[in-house]
$ cat input-v8.cif   # mmCIF, C-alpha atoms
data_upload
#
loop_
_atom_site.label_atom_id
_atom_site.label_comp_id
_atom_site.auth_asym_id
_atom_site.auth_seq_id
_atom_site.Cartn_x
_atom_site.Cartn_y
_atom_site.Cartn_z
CA MET B 579 132.66 271.63 273.47
CA GLN B 580 134.04 269.26 270.90
CA HIS B 581 133.96 265.48 271.53
CA LEU B 582 134.76 265.52 275.26
CA PRO B 583 133.80 262.45 277.30
CA ALA B 584 130.87 262.98 279.66
CA ARG B 585 133.07 262.11 282.68
CA LEU B 586 135.50 264.87 281.69
CA VAL B 587 132.79 267.48 281.22
CA LYS B 588 131.49 266.59 284.65
CA SER B 589 134.92 266.81 286.24
CA LEU B 590 135.64 270.15 284.59
CA SER B 591 132.39 271.52 285.96
CA ALA B 592 133.40 270.70 289.51
CA THR B 593 134.14 273.54 291.89
CA SER B 594 137.59 272.27 292.76
CA LEU B 595 140.28 270.40 290.86
CA PRO B 596 142.79 269.36 293.54
CA CYS B 597 145.17 267.39 291.33
CA THR B 598 144.93 268.77 287.83
CA THR B 599 143.98 271.95 286.02
CA THR B 600 141.37 272.45 283.33
CA LEU B 601 144.00 272.62 280.62
CA GLN B 602 145.74 269.49 281.92
CA GLU B 603 142.45 267.60 281.76
CA LEU B 604 141.71 268.81 278.25
CA ALA B 605 145.24 268.10 277.03
CA SER B 606 145.05 264.55 278.34
CA VAL B 607 142.22 263.72 275.92
CA HIS B 608 143.27 265.95 273.03
CA PRO B 609 143.32 263.75 269.89
CA LYS B 610 146.71 265.04 268.69
CA GLY B 611 148.38 265.35 272.07
CA VAL B 612 149.63 268.67 273.43
CA ALA B 613 153.27 269.50 274.16
CA ARG B 614 154.24 271.62 277.15
CA VAL B 615 156.48 274.71 276.95
CA VAL B 616 158.00 275.19 280.41
CA LEU B 617 159.08 278.69 281.43
CA LYS B 618 162.29 279.63 283.19
CA LYS B 619 162.25 280.52 286.86
CA GLY B 620 161.01 284.05 287.43
CA LYS B 621 159.34 284.38 284.03
CA THR B 622 155.87 283.07 284.84
CA GLN B 623 154.28 286.19 286.36
CA LEU B 624 154.93 288.27 283.24
CA PHE B 625 152.68 286.00 281.21
CA LYS B 626 150.12 285.49 283.99
CA ASP B 627 149.79 289.28 283.96
CA GLY B 628 148.79 289.09 280.32
CA SER B 629 151.87 289.51 278.12
CA PRO B 630 150.85 287.63 274.95
CA MET B 631 154.31 286.85 273.55
CA VAL B 632 156.49 284.12 275.02
CA TYR B 633 160.01 284.87 273.78
CA SER B 634 162.33 281.92 273.21
CA GLY B 635 164.66 283.31 275.89
CA ALA B 636 161.93 282.80 278.51
CA VAL B 637 161.65 279.05 277.78
CA ASP B 638 163.47 276.52 279.95
CA ARG B 639 162.45 273.31 278.18
CA ILE B 640 159.81 271.72 275.96
CA ILE B 641 158.12 268.48 276.94
CA GLY B 642 156.53 266.44 274.20
CA ARG B 643 157.19 263.48 271.92
CA PRO B 644 157.29 264.08 269.06
CA PRO B 645 158.33 267.73 269.60
CA PRO B 646 155.74 270.33 268.59
CA ARG B 647 155.85 271.82 265.11
CA THR B 648 155.23 275.38 264.01
CA GLY B 649 151.50 276.10 264.14
CA ASP B 650 150.76 273.49 266.82
CA ILE B 651 148.77 274.20 269.95
CA VAL B 652 150.92 273.95 273.10
CA LEU B 653 150.49 274.43 276.83
CA VAL B 654 152.61 277.09 278.53
CA ALA B 655 153.60 275.99 282.03
CA ASP B 656 155.46 277.32 285.06
CA GLY B 657 158.62 275.75 286.47
CA ALA B 658 156.57 273.07 288.24
CA GLU B 659 155.09 272.16 284.83
CA LYS B 660 151.65 273.45 285.84
CA PRO B 661 149.88 275.07 282.85
CA ILE B 662 149.21 278.79 283.03
CA GLY B 663 147.72 279.00 279.53
CA TRP B 664 147.91 277.78 275.96
CA GLY B 665 148.93 279.24 272.63
CA MET B 666 150.35 278.74 269.17
CA TYR B 667 153.91 277.41 268.87
CA ASN B 668 156.68 278.45 266.49
CA SER B 669 159.93 276.50 266.35
CA VAL B 670 162.04 279.22 264.69
CA SER B 671 160.54 282.61 265.56
CA MET B 672 161.77 284.78 268.42
CA PHE B 673 158.14 284.49 269.54
CA CYS B 674 158.17 280.86 270.66
CA VAL B 675 154.49 280.95 271.69
CA ARG B 676 151.72 283.45 271.06
CA LEU B 677 149.48 283.02 274.10
CA MET B 678 145.78 282.71 273.29
CA GLN B 679 144.11 281.90 276.60
CA LEU B 680 145.12 281.77 280.27
CA GLU B 681 144.14 278.92 282.57
CA GLU B 682 141.46 281.00 284.31
CA GLU B 683 139.90 281.92 280.97
CA ALA B 684 139.89 278.31 279.83
CA THR B 685 138.06 277.34 283.00
CA ARG B 686 135.41 280.00 282.37
CA ASP B 687 134.99 279.17 278.67
CA LEU B 688 135.63 275.51 277.97
CA SER B 689 134.36 275.76 274.41
CA CYS B 690 137.47 277.74 273.34
CA ALA B 691 140.07 275.88 275.40
CA LEU B 692 142.68 274.25 273.11
CA ASN B 693 140.29 274.88 270.23
CA MET B 694 141.73 277.44 267.81
CA GLU B 695 138.81 277.27 265.40
CA LYS B 696 136.29 278.14 268.13
CA LEU B 697 138.58 280.77 269.67
CA LEU B 698 138.98 282.48 266.29
CA GLU B 699 135.24 282.60 265.77
CA THR B 700 134.66 283.93 269.29
CA ARG B 701 137.36 286.62 269.20
CA ILE B 702 136.35 287.86 265.74
CA ASN B 703 132.72 288.09 266.86
CA GLU B 704 133.85 290.05 269.92
CA ALA B 705 135.83 292.38 267.64
CA ILE B 706 132.75 292.93 265.49
CA GLU B 707 130.64 293.80 268.54
CA LEU B 708 133.31 296.19 269.86
CA ARG B 709 133.38 298.11 266.57
CA LYS B 710 129.59 298.28 266.53
CA SER B 711 129.70 299.82 270.00
CA LEU B 712 132.14 302.41 268.62
CA GLY B 713 129.72 303.24 265.81
CA LEU B 714 131.60 301.41 263.05
CA PRO B 715 130.65 301.08 260.30
CA SER B 716 128.31 304.06 259.93
CA ALA B 717 126.65 306.08 257.19
CA SER B 718 129.65 308.45 257.13
CA THR B 719 132.49 305.93 257.73
CA ASN B 720 132.88 302.44 256.27
CA ALA B 721 136.69 302.17 256.47
CA PHE B 722 137.93 300.82 259.80
CA ARG B 723 140.07 298.21 261.52
CA LEU B 724 138.11 295.15 262.55
CA VAL B 725 140.92 293.10 264.15
CA ASN B 726 144.06 294.68 265.57
CA SER B 727 146.41 291.81 266.43
CA GLU B 728 147.29 291.76 270.17
CA GLY B 729 144.71 294.48 270.85
CA ASP B 730 141.97 292.01 269.90
CA ARG B 731 143.91 289.06 271.34
CA LEU B 732 144.69 287.50 267.98
CA SER B 733 148.42 288.19 267.74
CA GLY B 734 149.62 288.31 264.13
CA LEU B 735 146.21 288.95 262.56
CA ILE B 736 145.02 292.32 261.22
CA VAL B 737 141.76 292.83 259.38
CA ASP B 738 140.83 296.15 257.78
CA VAL B 739 137.36 296.66 256.33
CA PHE B 740 136.88 298.95 253.34
CA GLY B 741 133.21 298.94 252.45
CA ASP B 742 132.43 295.42 251.24
CA VAL B 743 136.12 294.41 251.08
CA ALA B 744 138.04 292.88 253.99
CA VAL B 745 141.84 293.06 253.75
CA ILE B 746 143.54 290.45 255.95
CA ALA B 747 147.18 291.09 256.84
CA SER B 748 148.91 287.96 258.08
CA SER B 749 152.16 288.22 260.06
CA ALA B 750 152.23 284.92 261.99
CA ALA B 751 152.63 281.29 260.98
CA TRP B 752 149.49 280.24 262.86
CA VAL B 753 147.43 282.73 260.81
CA GLU B 754 148.62 281.12 257.59
CA LYS B 755 147.83 277.66 258.98
CA TYR B 756 144.31 278.73 259.91
CA LYS B 757 143.71 280.79 256.77
CA PRO B 758 140.51 278.88 255.79
CA GLU B 759 139.05 279.38 259.27
CA VAL B 760 139.97 283.09 259.30
CA GLU B 761 138.43 283.63 255.87
CA ALA B 762 135.31 281.70 256.86
CA SER B 763 134.80 283.85 259.98
CA ILE B 764 135.28 287.09 258.06
CA GLY B 765 133.20 285.84 255.13
CA ARG B 766 130.21 285.34 257.44
CA ILE B 767 129.96 289.11 257.99
CA ASP B 768 126.92 290.27 255.99
CA GLU B 769 128.56 293.40 254.58
CA ILE B 770 131.70 291.63 253.29
CA ASN B 771 131.63 290.46 249.67
CA TYR B 772 135.38 290.24 248.96
CA ILE B 773 138.45 289.14 250.91
CA ASN B 774 141.98 290.26 250.06
CA TRP B 775 144.68 288.17 251.79
CA ARG B 776 147.92 290.15 252.30
CA PRO B 777 150.74 288.06 253.82
CA SER B 778 153.48 290.23 255.36
CA SER B 779 156.37 288.62 253.51
CA GLU B 780 159.31 289.96 255.52
CA VAL B 781 157.71 289.20 258.89
CA LEU B 782 156.65 285.72 257.78
CA LYS B 783 160.26 284.97 256.84
CA GLU B 784 161.12 285.50 260.50
CA GLU B 785 158.32 283.07 261.30
CA GLY B 786 160.09 280.44 259.21
CA LEU B 787 157.77 280.64 256.22
CA ASP B 788 158.54 281.26 252.57
CA ALA B 789 155.93 283.91 251.87
CA SER B 790 156.36 283.48 248.11
CA ASN B 791 154.31 280.32 248.49
CA TYR B 792 151.36 282.27 249.87
CA LYS B 793 148.93 283.86 247.46
CA GLU B 794 147.54 287.34 247.88
CA ARG B 795 144.45 288.73 246.16
CA ASP B 796 142.89 286.64 243.41
CA PRO B 797 142.19 289.27 240.70
CA SER B 798 139.31 287.20 239.38
CA ILE B 799 137.57 287.30 242.77
CA CYS B 800 138.68 290.50 244.55
CA PRO B 801 138.80 293.92 242.84
CA GLN B 802 142.06 295.87 242.53
CA ARG B 803 140.40 299.04 243.76
CA THR B 804 137.48 300.11 245.87
CA LYS B 805 135.89 303.30 247.21
CA VAL B 806 135.22 304.15 250.85
CA THR B 807 133.93 307.03 252.91
CA GLU B 808 135.49 308.35 256.12
CA ASN B 809 133.83 311.13 258.08
CA GLY B 810 131.88 311.98 254.95
CA ILE B 811 134.92 312.24 252.64
CA PHE B 812 135.26 309.76 249.76
CA TYR B 813 138.53 307.95 248.99
CA ALA B 814 139.59 305.71 246.14
CA ILE B 815 141.72 302.88 247.53
CA SER B 816 144.19 300.67 245.71
CA LEU B 817 144.19 297.20 247.24
CA GLU B 818 147.68 296.79 245.80
CA GLY B 819 148.90 299.93 247.59
CA GLN B 820 150.81 300.50 250.83
CA LYS B 821 150.05 298.25 253.81
CA THR B 822 146.38 297.23 253.57
CA GLY B 823 145.60 300.12 251.21
CA PHE B 824 144.45 302.87 253.59
CA TYR B 825 145.58 304.21 256.96
CA ALA B 826 142.43 304.11 259.09
CA ASP B 827 144.50 304.66 262.24
CA GLN B 828 144.70 308.43 261.57
CA ARG B 829 140.92 308.88 261.16
CA GLU B 830 140.36 310.91 264.33
CA ASN B 831 143.48 313.02 263.73
CA ARG B 832 142.34 313.77 260.18
CA GLN B 833 138.94 314.86 261.45
CA PHE B 834 140.66 317.09 264.00
CA MET B 835 142.63 318.70 261.16
CA SER B 836 139.37 319.67 259.48
CA THR B 837 138.36 321.62 262.61
CA ILE B 838 141.48 323.86 262.66
CA SER B 839 141.99 324.57 258.96
CA ASP B 840 139.41 327.26 258.24
CA GLY B 841 141.06 330.17 256.43
CA GLN B 842 144.53 328.60 256.63
CA ARG B 843 147.22 327.74 254.09
CA VAL B 844 148.12 324.08 254.61
CA LEU B 845 151.08 321.92 253.50
CA ASP B 846 150.68 318.12 253.72
CA MET B 847 154.03 316.29 253.42
CA PHE B 848 154.08 312.53 252.67
CA CYS B 849 150.41 312.94 251.77
CA TYR B 850 149.88 309.42 250.26
CA SER B 851 146.31 309.49 248.88
CA GLY B 852 145.67 312.96 250.32
CA SER B 853 143.59 312.24 253.42
CA PHE B 854 144.92 315.04 255.67
CA ALA B 855 144.90 317.50 252.76
CA LEU B 856 141.30 316.63 251.85
CA ASN B 857 140.20 317.12 255.44
CA ALA B 858 141.94 320.48 255.55
CA ALA B 859 140.17 321.54 252.36
CA ARG B 860 136.82 320.30 253.68
CA GLY B 861 137.50 322.31 256.85
CA GLY B 862 137.80 325.56 254.88
CA ALA B 863 141.52 325.92 254.14
CA VAL B 864 142.09 328.58 251.49
CA ASN B 865 144.96 326.70 249.88
CA VAL B 866 146.28 323.15 250.34
CA ILE B 867 149.35 321.48 248.84
CA GLY B 868 150.04 317.75 249.25
CA VAL B 869 153.44 316.25 248.40
CA ASP B 870 154.42 312.60 247.99
CA SER B 871 157.22 310.84 246.09
CA SER B 872 154.93 308.00 244.92
CA LEU B 873 153.26 308.53 241.55
CA PRO B 874 150.42 306.01 242.24
CA ALA B 875 149.73 307.75 245.56
CA VAL B 876 149.58 311.20 243.96
CA GLU B 877 147.30 309.88 241.22
CA LEU B 878 144.95 308.50 243.89
CA ALA B 879 145.03 311.84 245.70
CA LYS B 880 144.10 313.71 242.52
CA GLU B 881 141.28 311.24 241.89
CA ASN B 882 140.01 311.94 245.41
CA ILE B 883 139.68 315.66 244.61
CA VAL B 884 137.24 314.75 241.84
CA LEU B 885 135.40 312.19 243.98
CA ASN B 886 134.64 314.90 246.54
CA ASN B 887 133.79 317.65 244.03
CA MET B 888 136.51 319.88 245.50
CA ASP B 889 137.99 322.91 243.81
CA SER B 890 141.23 321.82 242.12
CA GLY B 891 142.37 325.42 242.24
CA ARG B 892 142.33 325.30 246.04
CA ILE B 893 143.94 321.87 246.57
CA THR B 894 146.98 320.59 244.65
CA PHE B 895 149.01 317.37 244.79
CA LEU B 896 152.63 317.19 243.66
CA ARG B 897 154.97 314.28 243.08
CA GLU B 898 158.31 315.21 244.62
CA ASP B 899 160.82 314.03 247.21
CA ALA B 900 159.81 315.51 250.57
CA SER B 901 163.22 316.84 251.58
CA GLU B 902 163.87 318.35 248.17
CA PHE B 903 160.47 320.04 248.13
CA MET B 904 160.96 321.55 251.60
CA LYS B 905 164.49 322.77 250.80
CA GLY B 906 163.20 324.34 247.60
CA ALA B 907 160.30 326.01 249.42
CA LEU B 908 162.73 327.45 251.99
CA SER B 909 164.92 328.84 249.22
CA ARG B 910 161.82 330.64 247.89
CA ASN B 911 160.97 331.97 251.40
CA GLU B 912 157.63 330.13 251.38
CA SER B 913 155.74 329.32 254.58
CA TRP B 914 152.41 327.87 255.66
CA ASP B 915 149.99 328.37 258.55
CA ILE B 916 149.73 324.60 259.11
CA VAL B 917 152.24 321.92 258.12
CA ILE B 918 151.53 318.18 258.37
CA LEU B 919 154.48 315.78 258.45
CA ASP B 920 153.51 312.10 258.34
CA PRO B 921 156.51 310.14 257.00
CA PRO B 922 156.56 306.36 256.47
CA LYS B 923 158.01 304.03 259.07
CA LEU B 924 161.65 305.13 259.39
CA ALA B 925 162.58 302.80 262.26
CA PRO B 926 161.14 299.33 261.62
CA ARG B 927 163.47 297.87 264.28
CA LYS B 928 165.21 299.17 267.40
CA LYS B 929 168.57 298.77 265.68
CA ALA B 930 167.46 301.36 263.12
CA LEU B 931 166.66 303.99 265.77
CA GLN B 932 169.93 305.89 265.57
CA ASN B 933 169.74 306.38 261.83
CA ALA B 934 166.01 307.10 261.96
CA SER B 935 166.52 309.70 264.70
CA GLY B 936 168.64 311.77 262.33
CA MET B 937 166.05 311.51 259.58
CA TYR B 938 163.20 312.53 261.90
CA ARG B 939 165.24 315.46 263.21
CA ASN B 940 166.14 316.72 259.73
CA LEU B 941 162.61 316.37 258.36
CA ASN B 942 161.05 318.10 261.37
CA SER B 943 163.63 320.89 261.30
CA LEU B 944 162.74 321.61 257.67
CA ALA B 945 159.00 321.45 258.45
CA MET B 946 159.37 323.85 261.39
CA GLN B 947 161.20 326.37 259.21
CA LEU B 948 158.31 326.19 256.73
CA THR B 949 155.74 326.84 259.48
CA LYS B 950 154.87 330.49 260.04
CA ARG B 951 155.85 331.79 263.46
CA GLY B 952 152.83 331.13 265.63
CA GLY B 953 151.63 328.48 263.17
CA LEU B 954 150.97 324.78 263.72
CA LEU B 955 152.94 321.65 262.87
CA MET B 956 151.24 318.27 263.11
CA THR B 957 154.10 315.76 263.16
CA CYS B 958 153.75 312.00 263.25
CA SER B 959 155.76 308.84 263.80
CA CYS B 960 154.32 305.47 262.82
CA SER B 961 157.52 303.66 263.85
CA GLY B 962 156.75 301.55 266.89
CA ALA B 963 160.41 301.45 267.87
CA MET B 964 160.50 305.28 267.92
CA THR B 965 157.19 305.74 269.74
CA GLN B 966 158.08 303.17 272.40
CA SER B 967 161.60 304.56 272.89
CA GLY B 968 160.33 307.83 274.35
CA MET B 969 162.84 309.67 272.14
CA PHE B 970 160.41 311.40 269.79
CA LEU B 971 159.82 314.53 271.90
CA ARG B 972 163.57 314.95 272.47
CA ILE B 973 164.13 314.66 268.72
CA LEU B 974 161.50 317.34 268.11
CA GLN B 975 163.22 319.62 270.62
CA GLY B 976 166.51 319.06 268.81
CA ALA B 977 164.85 319.81 265.49
CA ALA B 978 163.45 323.06 266.88
CA SER B 979 166.88 324.09 268.10
CA ALA B 980 168.41 323.35 264.69
CA ALA B 981 165.64 325.35 263.02
CA GLY B 982 166.09 328.30 265.38
CA ARG B 983 162.51 327.88 266.61
CA LYS B 984 160.70 327.42 269.91
CA ILE B 985 157.93 324.82 270.14
CA THR B 986 155.10 324.11 272.56
CA ILE B 987 152.97 320.95 272.58
CA LEU B 988 149.26 321.53 272.08
CA ARG B 989 148.00 317.98 271.58
CA GLU B 990 149.24 314.40 271.67
CA ALA B 991 147.25 311.56 270.11
CA GLY B 992 147.62 307.97 269.03
CA ALA B 993 145.69 305.69 266.72
CA ALA B 994 141.92 305.73 266.30
CA CYS B 995 139.81 303.88 268.87
CA ASP B 996 139.26 300.90 266.55
CA HIS B 997 143.00 300.14 266.96
CA PRO B 998 143.01 298.83 270.56
CA ILE B 999 146.34 298.26 272.33
CA ASP B 1000 147.08 295.55 274.89
CA PRO B 1001 148.76 297.43 277.79
CA SER B 1002 150.70 294.28 278.72
CA TYR B 1003 152.27 294.38 275.25
CA PRO B 1004 153.40 298.01 274.78
CA GLU B 1005 155.13 297.05 271.52
CA GLY B 1006 151.66 297.26 270.00
CA LYS B 1007 151.73 301.05 270.41
CA TYR B 1008 153.22 302.53 267.27
CA LEU B 1009 151.53 305.79 266.26
CA SER B 1010 152.43 309.14 267.77
CA ASN B 1011 150.65 312.24 266.49
CA ILE B 1012 151.78 315.54 268.04
CA LEU B 1013 150.44 319.02 267.35
CA LEU B 1014 153.03 321.75 267.95
CA ARG B 1015 152.87 325.50 267.99
CA VAL B 1016 156.00 326.80 266.27
CA LEU B 1017 157.37 330.18 267.39
#
$ encode --input "input-v8.cif" --output "structure tokens"
Amino acid sequence: MQHLPARLVKSLSATSLPCTTTLQELASVHPKGVARVVLKKGKTQLFKDGSPMVYSGAVDRIIGRPPPRTGDIVLVADGAEKPIGWGMYNSVSMFCVRLMQLEEEATRDLSCALNMEKLLETRINEAIELRKSLGLPSASTNAFRLVNSEGDRLSGLIVDVFGDVAVIASSAAWVEKYKPEVEASIGRIDEINYINWRPSSEVLKEEGLDASNYKERDPSICPQRTKVTENGIFYAISLEGQKTGFYADQRENRQFMSTISDGQRVLDMFCYSGSFALNAARGGAVNVIGVDSSLPAVELAKENIVLNNMDSGRITFLREDASEFMKGALSRNESWDIVILDPPKLAPRKKALQNASGMYRNLNSLAMQLTKRGGLLMTCSCSGAMTQSGMFLRILQGAASAAGRKITILREAGAACDHPIDPSYPEGKYLSNILLRVL
């Protein structure tokens, strides 16, 4: 515990605190002072139950002189001004406070109370131990998610590990403020030799930050590319590519694909660097085609064929617009035993749902028409707004009707187990992976 008077340590160790709470005691001796964000009537229980995001609309008033600034530690209190927890403040974001610890937790672990540096170190160490218990990394897989924002109780921080490279995706002002501490905690991991900092520019704008002032990868320190293995398949990764460079969330779904592909003809739409297609080929597919509109992605996919010593006559990657390819294939009366449809995020916000619904319906209708009757369609949505809306299955039913097909659901899955989700913050659930039989 940092620089606390002996009398305070003694008082905090007492079995009862009739007048004040642990956080009140700590705040009273905090060297910088701690403002108090007071919640509106009826809002307290939501956050006591664990919801990590205090929206500005839930705040009644803020007590503190001078007022807190973005990135400051604040107490979150009920209507009687009694603290229920503490978190990181933002003066402009719709997320006024990202809760880090509740009162009960602070009482149990004084070392982390109102101490972001210690909390960071503790939570990252806990994340490391969790992944170890899940068998990550392993001899066959060294690409995984180490920190998953709210799921690891570090809202706004994502860390993906690709071999000896850690890619840190920052989407909160507090993460940028504590960048040295984050990098130090990750840098202490024995296997990590390089750190690639990837600020999420658009999200950080909503946090009140000009992301152009924040540097990403230093090319003199961190490589532009690296190589990883996942379930025994090798992948070249561009650290300047989409998101953090690789989609580890689909690992278990990709492995499942390898178990159902033997003897099948497989079409992988929006293939990116070819991960589903490569798994299908490894699983014994007789012919695999991957399609993506991005030239760098297709070049990576082709490189991955060579990395895995696969037969280029059995697996092919094409650069083409997905809709145009599927329409062309239909005009040629082509069909496949298995079709994979994994488009990019089409609904980044709830307000985009209506437009995205039409796109999902059209894409899935085309994919269903390209699936042999009795064949399989693995269709995905990585749009959190779509997954959380509960609309995806209805859209698929509409797509089947438009395609003149009947569908049955064989399997529903989400992200891999190293992408934990906080159930009190369902917005963290974004991936929906559904296996359909198309009749």
$ residues_near_point --input "input-v8.cif" --point "(137.3, 315.1, 262.3)" --cutoff "12 Å" --atoms "all atoms listed in the file" --output "list in words"
Ser718, Thr719, Glu808, Asn809, Gly810, Ile811, Gln828, Arg829, Glu830, Asn831, Arg832, Gln833, Phe834, Met835, Ser836, Thr837, Ile838, Ser839, Ser853, Phe854, Leu856, Asn857, Ala858, Arg860, Gly861 and Ala994 of chain B
$ write_last_selection --input "input-v8.cif" --atoms "C-alpha atoms" --output "PDB file, in the frame of the given file"
ATOM      1  CA  SER B 718     129.650 308.450 257.130  1.00  0.00           C
ATOM      2  CA  THR B 719     132.490 305.930 257.730  1.00  0.00           C
ATOM      3  CA  GLU B 808     135.490 308.350 256.120  1.00  0.00           C
ATOM      4  CA  ASN B 809     133.830 311.130 258.080  1.00  0.00           C
ATOM      5  CA  GLY B 810     131.880 311.980 254.950  1.00  0.00           C
ATOM      6  CA  ILE B 811     134.920 312.240 252.640  1.00  0.00           C
ATOM      7  CA  GLN B 828     144.700 308.430 261.570  1.00  0.00           C
ATOM      8  CA  ARG B 829     140.920 308.880 261.160  1.00  0.00           C
ATOM      9  CA  GLU B 830     140.360 310.910 264.330  1.00  0.00           C
ATOM     10  CA  ASN B 831     143.480 313.020 263.730  1.00  0.00           C
ATOM     11  CA  ARG B 832     142.340 313.770 260.180  1.00  0.00           C
ATOM     12  CA  GLN B 833     138.940 314.860 261.450  1.00  0.00           C
ATOM     13  CA  PHE B 834     140.660 317.090 264.000  1.00  0.00           C
ATOM     14  CA  MET B 835     142.630 318.700 261.160  1.00  0.00           C
ATOM     15  CA  SER B 836     139.370 319.670 259.480  1.00  0.00           C
ATOM     16  CA  THR B 837     138.360 321.620 262.610  1.00  0.00           C
ATOM     17  CA  ILE B 838     141.480 323.860 262.660  1.00  0.00           C
ATOM     18  CA  SER B 839     141.990 324.570 258.960  1.00  0.00           C
ATOM     19  CA  SER B 853     143.590 312.240 253.420  1.00  0.00           C
ATOM     20  CA  PHE B 854     144.920 315.040 255.670  1.00  0.00           C
ATOM     21  CA  LEU B 856     141.300 316.630 251.850  1.00  0.00           C
ATOM     22  CA  ASN B 857     140.200 317.120 255.440  1.00  0.00           C
ATOM     23  CA  ALA B 858     141.940 320.480 255.550  1.00  0.00           C
ATOM     24  CA  ARG B 860     136.820 320.300 253.680  1.00  0.00           C
ATOM     25  CA  GLY B 861     137.500 322.310 256.850  1.00  0.00           C
ATOM     26  CA  ALA B 994     141.920 305.730 266.300  1.00  0.00           C
TER      27      ALA B 994
END
$ atom_distance --input "input-v8.cif" --atom1 "atom CA of B:Ser872" --atom2 "atom CA of B:Gln802"
17.8 Å
$ resolve_selection --input "input-v8.cif" --expression "the PyMOL selection byres ((chain B and resi 938) around 9)" --output "ChimeraX atom specification"
/B:921,924,933-937,939-943,959,970,973-974,977
$ residues_around --input "input-v8.cif" --residues "B:Ser909" --least-positions-apart "6" --cutoff "12 Å" --atoms "all atoms listed in the file" --output "compact mmCIF listing (two decimals) with C-alpha atoms, keeping the file's coordinate frame"
# COMPACT_ATOMS: atom_id res chain seq x y z
CA GLU B 902 163.87 318.35 248.17
CA PHE B 903 160.47 320.04 248.13
CA LEU B 944 162.74 321.61 257.67
CA GLN B 947 161.20 326.37 259.21
CA LEU B 948 158.31 326.19 256.73
$ residues_near_point --input "input-v8.cif" --point "(142.2, 302.3, 267.2)" --cutoff "12 Å" --atoms "all atoms listed in the file" --output "PyMOL selection string"
chain B and resi 705+708-709+712+714+722-727+729-730+736+738+825-831+991-1000+1006-1009
$ closest_residue --input "input-v8.cif" --among "B:Asn693, B:Ser778, B:Ser671, B:Gln623" --to "B:Val652" --atoms "all atoms listed in the file"
B:Asn693
$ atom_distance --input "input-v8.cif" --atom1 "atom CA of B:Leu954" --atom2 "atom CA of B:Val866"
14.3 Å
$ atom_distance --input "input-v8.cif" --atom1 "atom CA of B:Trp752" --atom2 "atom CA of B:Ala636"
20.2 Å
$ resolve_selection --input "input-v8.cif" --expression "the PyMOL selection byres ((chain B and resi 753-761) around 8)" --output "CSV table (one decimal) with C-alpha atoms, keeping the file's coordinate frame"
chain,number,residue,atom,x,y,z
B,649,GLY,CA,151.5,276.1,264.1
B,695,GLU,CA,138.8,277.3,265.4
B,698,LEU,CA,139.0,282.5,266.3
B,734,GLY,CA,149.6,288.3,264.1
B,735,LEU,CA,146.2,289.0,262.6
B,748,SER,CA,148.9,288.0,258.1
B,749,SER,CA,152.2,288.2,260.1
B,750,ALA,CA,152.2,284.9,262.0
B,751,ALA,CA,152.6,281.3,261.0
B,752,TRP,CA,149.5,280.2,262.9
B,762,ALA,CA,135.3,281.7,256.9
B,763,SER,CA,134.8,283.8,260.0
B,764,ILE,CA,135.3,287.1,258.1
B,765,GLY,CA,133.2,285.8,255.1
B,773,ILE,CA,138.4,289.1,250.9
$ closest_residue --input "input-v8.cif" --among "B:Ile1012, B:Ile799, B:Ala930, B:Gly962" --to "B:Thr986" --atoms "only C-alpha atoms"
B:Ile1012
$ closest_residue --input "input-v8.cif" --among "B:Lys783, B:Lys618, B:Lys660, B:Arg643" --to "B:Leu601" --atoms "all atoms listed in the file"
B:Lys660
$ residues_around --input "input-v8.cif" --residues "B:Gly663" --least-positions-apart "3" --cutoff "8 Å" --atoms "all atoms listed in the file" --output "PyMOL selection string"
chain B and resi 601+653-655+677-681+684
$ closest_residue --input "input-v8.cif" --among "B:Gly741, B:Gly713, B:Gly891, B:Gly976" --to "B:Tyr813" --atoms "all atoms listed in the file"
B:Gly741
$ closest_residue --input "input-v8.cif" --among "B:Arg686, B:Pro715, B:Ser961, B:Leu782" --to "B:Phe673" --atoms "all atoms listed in the file"
B:Leu782
$ closest_residue --input "input-v8.cif" --among "B:Met666, B:Ile706, B:Leu604, B:Met956" --to "B:Val632" --atoms "all atoms listed in the file"
B:Met666
$ residues_around --input "input-v8.cif" --residues "B:Tyr850" --least-positions-apart "6" --cutoff "12 Å" --atoms "all atoms listed in the file" --output "number ranges by chain"
B: 813-816, 819-821, 823-825, 856, 868-880, 882, 895-898, 900, 919-922
$ residues_around --input "input-v8.cif" --residues "B:Leu617" --least-positions-apart "3" --cutoff "6 Å" --atoms "only C-alpha atoms" --output "PyMOL selection string"
chain B and resi 636-638+656-657
